[in-house]
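Scroll down for the structure; my scribbles are underneath it.
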Amino acid sequence: MIELRATAESVEQAKELITLGVDTVYVGEDEYGLRLPASLSLEEIKEITEFAHRQQKKVCVVVNAIFHNDRIETVVPYLKSLEEIGADSITVGDPGVIRLMARHEIRIPYVYDAHTIVTNARQVNFWAKRGAIGAVLARELTFGEIKAIQSQVTVPVEVQVYGATCIHHSKRPLVGNYLNFTKQERNPERELYISERKASDAHYSIYEDAHGTHIFAADDLNLMPYLGDLSEAGVAWWKLDGIFTGGDCFVSIARLFAEARQAIQEGRWTTERMESLNRQLITLHPKERSLSEGFFLKNAADVQ
Amino acid sequence: MSKIKKPELLAPAGTLEKLKIAIHYGADAVYIGGNQYGLRSRAGNFTFDEMREGVAFARRYQAKVYVAANMVTHEGDEEGAGEFFRTLQEIGIDAVIVSDPALIEICVTEAPGLPMHLSTQASAANYETLNFWHEEGLERVVLAREVSMREIKEMRRKTNVEIEAFIHGAMCISYSGRCVLSNHMSLRDANRGGCSQSCRWKYDLFEMPQPGERKSILAGDPAEDFSMSAVDLSMIRHIPELIESGVDSLKIEGRMKSIYYVSTVCNVYRQAIDAYCNDPDGYQFKQEWEDELWKVAQRELSTGFYYGIPTENDQIFGKPRKIPAYAFIGQVLAYDEHTRIATVQQRNHFEVGDEVEIYGPGFTHVRQTIEQLWDEEGNPIERAPNPLMIVKMKVSAPVKPWDMLRKATL
């Protein structure tokens with residue numbers, strides 16, 4: 001069974017996503033979760049969880065920050081609240097959280113999500129032995145590598161099939177430092193991009209928050225054309241990330257993936273159907289953002 | 001006077017020569033790379049035979065040798081790692097520096113008893129994470145470079161694992177391991193030794209009012225490019241606090257750096273650590289230590305995250321400050337105390353009349369003008385233009401083999 005997993009930016013959007021067939025919604029609070037479309041309160045997470053459970057769907061709360069001493073203390077009551085709310089799972093990227101949960105007897109299943117550094121089946125199985133119910137694969141893997149990993153893992157792995165992907169996380173306020181140096185003030189609401197001085201076609205989203213600076217890949221991921229391959233390889237968890245695709249657009253795009261999944265599971269996945277869904281996706285995707293398959297089609301040997 | 005636990009001074013050693021130099025200049029331990037599993041594919045890496053020689057040399061000075069095997073493996077990269085770790089163990093390597101759970105598991109099962117240190121690549125930034133890895137059997141954690149002095153002190157109180165912290169050198173601008181700019185911008189895997197240092201490139205920074213329309217917010221005259229490049233770390237002014245905070249190992253960055261750099265930096269920190277540990281109450285910071293570090297500095301220096309979140313002053317913007325420029329010109333091979341003539345291997349052009357500085361382990365310094373030079377056969381010469389040529393020179397005070405010569409170039 002293929003599981004659709006998608007970020008949600010609000011209670012309303014979470015409900016829509018669940019209704020259209022998303023199996024697990026990702027929600028969280030900025031304090032402990034990285035690069036969320038929106039920071040949701042415990043009350044909102046509770047409402048989403050209750051709704052999801054009524055629909056036999058699940059909620060995964062994003063707790064994948066790199067923790068420093070301060071937050072590793074304040075996260076304990078947060079995790080306890082999540083346990084009370086009945087959150088189905090959390091994502092964890094910092095092993096300290098795993099130890100913390102054991103120490104405080106907080107029993108929430110976790111998905112290991114450490115951004116760039118899950119690139120090998122043995123890593124996935126290492127975390128599985130320590131309780132992880134799944135792991136998020138790095139976006140820098142080729143299809144060949146994903147297949148090799150999938151064939152050896154003991155728990156499901158998640159592959160991002162749509163949306164923006166972070167390629168740099170610094171604790172430094174890199175934009176703020178630049179603005180200070182050049183003595184500028186600017187509206188923090190406006191989205192910013194960087195591009196290489198030399199190869200300036202590609203542009204990369206950049207923003208700052210309490211965790212530091214985040215830079216995103218030039219192209220958002222779109223694996224719609226390769227869902228058949230992913231399914232054949234046995235990849236069970238498909239992730240849709242809506243951080244830069246807001247509101248209804250994201251819901252509509254999620255609907256396309258739900259349709260694709262259904263077609264694949266019912267043996268109705270044709271090139272024609274794929275192309276139709278892909279065309280619709282391209283129309284819905286924000287115009288200022290480009291799409292590609294990322295590292296999916298590369299040869300592993302091309303990356304040195 | 002309280003008894004102070006002296007921390008280890010840990011230096012990079014890209015080659016066997018650098019290993020020996022680092023130890024001569026005061027390193028208690030060195031870290032090196034093997035031919036596989038490391039993160040410095042372009043650094044001089046050690047063959048097993050070179051490791052054996054390095055370990056034998058280190059033993060004579062009660063020094064330790066660690067091997068960095070800190071890559072984040074993709075499928076297949078881990079092949080042969082078991083044998084690799086077993087060989088390191090046989091050679092007598094004191095610990096491996098790892099971050100990838102795949103390699104950690106292989107090391108635990110295939111080479112049980114070989115001590116493991118968690119690489120900074122894992123970005124361990126809180127005490128629970130330190131305890132997690134300690135319970136996994138790692139005996140030391142190299143901290144994320146993003147932790148503060150205050151956080152380190154709390155980690156010390158709440159863990160029993162050995163703590164290693166960077167005190168000098170270049171730094172990733174990102175949380176280590178959490179940057180794949182290089183993968184995306186130049187198809188080089190940052191976490192497997194291929195980092196193309198994209199963070200140090202120049203960028204435009206802009207808004208997009210309309211798709212395709214770029215409204216640059218670069219400012220200044222001339223416009224200052226956006227860059228993520230960080231200045232380098234130096235904690236020379238804060239050695240007592242580092243020691244008091246209970247850090248077990250003080251680490252110098254730079255397996256790619258020269259013997260000139262490694263000798264100078266080790267020499268300085270050896271002085272500061274010994275000065276404080278020998279007499280904490282009488283300790284005084286010496287400006288000459290910092291001046292010495294500036295002689296080999298490649299960028300400006302800062303204290304990183306130790307005392308707060310780095311500001312624009314910790315990044316490389318604007319015109320770089322003039323850093324005093326010195327050149328490494330030679331290494332002393334021998335000294336004849338009767339004739340007061342030193343045999344020197346040339347590393348850069350120098351000539352009669354040059355003002356030079358000869359420094360050595362123990363922070364000895366001899367400053368003099370070169371008055372007489374001879375070639376290997378004893379013929380008088382005016383200059384030493386050829387790389388690695390052997391010359392003899394009259395020196396004004398005794399020098400020793402391993403001493404180094406530098407001269408100001410500005």
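Residue numbering restarts at 1 for every chain of the structure tokens, chains are lettered A, B, ... in their displayed order, and ligands are numbered from 1 as they appear.
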Checklist line | 7 Å contacts from chain B to chain A using only C-alpha atoms, as JSON, numbers by chain | finding: {"B": [72, 73, 74, 75, 101, 102, 125, 126, 127, 128, 129, 132, 146, 151, 173, 174, 175, 177, 178, 179, 180, 181, 187, 188, 189, 194, 202, 203, 204, 205, 206, 207, 211, 212, 219, 220, 226, 228, 309, 310, 311, 312]}
Next item on the list: Within 12 Å of Pro112 (chain B), counting only C-alpha atoms, which residues show up once you throw out same-chain ones fewer than 6 positions away? Write them as a count of residues only, please.
Entry: 13
Check: If you run DSSP on the backbone, which residues of region 22-261 of chain B are strand (DSSP E), as a ChimeraX atom specification?
Finding: /B:29-33,64-68,95-98,116-118,140-142,162-169,203-207,215-216,232-234,249-252
Write the residues of the preceding selection, restricted to C-alpha atoms, as a CSV table (one decimal), in the first residue's frame.
```csv
chain,number,residue,atom,x,y,z
B,29,ALA,CA,47.2,13.8,19.3
B,30,VAL,CA,46.7,14.1,15.5
B,31,TYR,CA,43.9,13.2,13.2
B,32,ILE,CA,44.6,11.8,9.8
B,33,GLY,CA,42.6,10.4,6.9
B,64,LYS,CA,47.7,9.6,19.8
B,65,VAL,CA,46.6,9.1,16.3
B,66,TYR,CA,42.9,9.2,15.2
B,67,VAL,CA,41.6,8.4,11.8
B,68,ALA,CA,38.7,10.3,10.3
B,95,ALA,CA,40.3,6.0,17.6
B,96,VAL,CA,38.2,6.5,14.5
B,97,ILE,CA,36.2,9.7,13.9
B,98,VAL,CA,32.8,8.7,12.5
B,116,MET,CA,35.0,5.8,18.2
B,117,HIS,CA,34.6,9.5,18.3
B,118,LEU,CA,31.5,11.1,16.9
B,140,ARG,CA,34.0,11.0,22.6
B,141,VAL,CA,31.8,13.5,20.8
B,142,VAL,CA,33.2,16.3,18.6
B,162,GLU,CA,34.6,13.1,26.4
B,163,ILE,CA,34.0,16.4,24.7
B,164,GLU,CA,36.1,17.7,21.8
B,165,ALA,CA,35.6,21.2,20.5
B,166,PHE,CA,37.2,23.1,17.6
B,167,ILE,CA,39.3,26.0,18.7
B,168,HIS,CA,41.0,27.1,15.5
B,169,GLY,CA,40.6,27.1,11.8
B,203,TYR,CA,25.7,35.4,-5.1
B,204,ASP,CA,23.0,37.9,-6.0
B,205,LEU,CA,20.3,38.4,-3.5
B,206,PHE,CA,17.0,39.5,-4.8
B,207,GLU,CA,13.2,39.6,-4.6
B,215,LYS,CA,14.9,43.0,-8.0
B,216,SER,CA,18.3,42.8,-6.5
B,232,ASP,CA,38.0,31.6,10.7
B,233,LEU,CA,37.8,30.5,14.3
B,234,SER,CA,40.4,31.3,16.9
B,249,SER,CA,40.2,17.9,23.5
B,250,LEU,CA,40.9,21.1,21.8
B,251,LYS,CA,40.9,20.7,18.1
B,252,ILE,CA,42.6,22.5,15.3
```
Item checked: Ile45 (chain A) surroundings by only C-alpha atoms, 10 Å radius, close-in-sequence under 4 positions cut, as a count of residues only -> 20
If we count only C-alpha atoms and set the cut-off at 12 Å, which residues sit around Leu20 (chain A), ignoring sequence neighbours fewer than 2 positions away in its own chain? Please answer as a PDB file with C-alpha atoms, in the first residue's frame.
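As a result, selection.pdb now contains:
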```pdb
ATOM      1  CA  LEU A   4       0.504   9.711   0.711  1.00  0.00           C
ATOM      2  CA  ARG A   5       2.068  12.038   3.232  1.00  0.00           C
ATOM      3  CA  ALA A   6       1.672  15.789   2.959  1.00  0.00           C
ATOM      4  CA  GLN A  13      -6.074  22.587   4.674  1.00  0.00           C
ATOM      5  CA  ALA A  14      -5.284  19.513   6.767  1.00  0.00           C
ATOM      6  CA  LYS A  15      -8.947  18.521   6.648  1.00  0.00           C
ATOM      7  CA  GLU A  16      -9.082  18.985   2.897  1.00  0.00           C
ATOM      8  CA  LEU A  17      -5.922  16.949   2.418  1.00  0.00           C
ATOM      9  CA  ILE A  18      -7.222  14.153   4.593  1.00  0.00           C
ATOM     10  CA  VAL A  22      -3.754  11.976   2.087  1.00  0.00           C
ATOM     11  CA  ASP A  23      -2.969   9.265   4.641  1.00  0.00           C
ATOM     12  CA  THR A  24      -0.668  11.202   6.935  1.00  0.00           C
ATOM     13  CA  VAL A  25      -0.515  14.955   7.372  1.00  0.00           C
ATOM     14  CA  ALA A  52      -7.779  12.545  10.973  1.00  0.00           C
ATOM     15  CA  GLN A  55     -11.283   9.363   8.946  1.00  0.00           C
ATOM     16  CA  LYS A  57      -5.998   8.821   8.846  1.00  0.00           C
ATOM     17  CA  PHE A 250      -1.242  22.514  -2.848  1.00  0.00           C
ATOM     18  CA  VAL A 251      -4.525  20.776  -2.162  1.00  0.00           C
ATOM     19  CA  SER A 252      -5.156  20.462  -5.897  1.00  0.00           C
ATOM     20  CA  ILE A 253      -1.679  19.099  -6.466  1.00  0.00           C
ATOM     21  CA  ALA A 254      -2.154  16.599  -3.637  1.00  0.00           C
ATOM     22  CA  ARG A 255      -5.387  15.533  -5.359  1.00  0.00           C
ATOM     23  CA  LEU A 256      -3.413  14.771  -8.521  1.00  0.00           C
ATOM     24  CA  PHE A 257      -1.067  12.527  -6.561  1.00  0.00           C
ATOM     25  CA  ALA A 258      -4.016  10.816  -4.887  1.00  0.00           C
ATOM     26  CA  GLU A 259      -5.449  10.137  -8.341  1.00  0.00           C
ATOM     27  CA  ARG A 261      -1.799   6.539  -6.573  1.00  0.00           C
ATOM     28  CA  GLN A 262      -5.262   5.156  -7.120  1.00  0.00           C
TER      29      GLN A 262
END
```
Margin query: Please list as a VMD selection string every residue within 7 Å of Gly34 (chain B), counting only C-alpha atoms and excluding residues in the same chain fewer than 6 positions away.
Written below: chain B and resid 45 to 47 67
Convert the current residue selection to file output with N, CA and C atoms, as a tab-separated table (two decimals), in the first residue's frame.
```tsv
chain	number	residue	atom	x	y	z
B	45	ASN	N	46.15	11.66	1.97
B	45	ASN	CA	45.64	10.64	2.87
B	45	ASN	C	46.69	9.56	3.07
B	46	PHE	N	46.55	8.83	4.18
B	46	PHE	CA	47.58	7.87	4.60
B	46	PHE	C	47.31	6.46	4.07
B	47	THR	N	48.36	5.80	3.58
B	47	THR	CA	48.27	4.37	3.33
B	47	THR	C	48.43	3.67	4.69
B	67	VAL	N	41.87	8.40	13.20
B	67	VAL	CA	41.61	8.37	11.76
B	67	VAL	C	40.17	8.83	11.49
```
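Among the candidates B:Pro280, B:Pro222, B:Pro209, B:Gly193, the residue lying nearest to Ile4 (chain B) is B:Pro280 (atoms considered: only C-alpha atoms).
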Item checked: Among the residues B:Val344, B:Ile21, B:Met51, B:Leu301, the one that comes closest to Ile259 (chain B) [using only C-alpha atoms] ->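 Of all the options, B:Ile21 lies closest to Ile259 (chain B).
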Next item on the list: Extract, using only C-alpha atoms, all DNA, RNA and protein residues at most 8 Å from region 376-387 of chain B, discarding same-chain residues fewer than 5 positions from it, and format them as a list in words.
Entry: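 Contacts, with the query itself left out: Gln346, Arg347, Asn348, His349, Phe350, Glu351, Val352 and Lys392 of chain B.
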Checklist line | Spatial neighbours of Gly33 (chain A), 6 Å, only C-alpha atoms, chain gap at least 2 places, as a list in words | finding: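 Here the qualifying residues turn out to be Gly28, Glu29, Asp30, Val62, Val63, Asn64 and Ala65 of chain A.
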Checklist line | Distance criterion (only C-alpha atoms): nearest to Leu240 (chain A) out of A:Glu185, A:Asp220, A:Glu266, A:Glu275 | finding: A:Asp220
Check: Restricting the calculation to only C-alpha atoms, which member of A:Ser290, A:Thr91, A:Thr165, A:Ser151 is positioned closest to Ala135 (chain A)?
Finding: A:Thr91
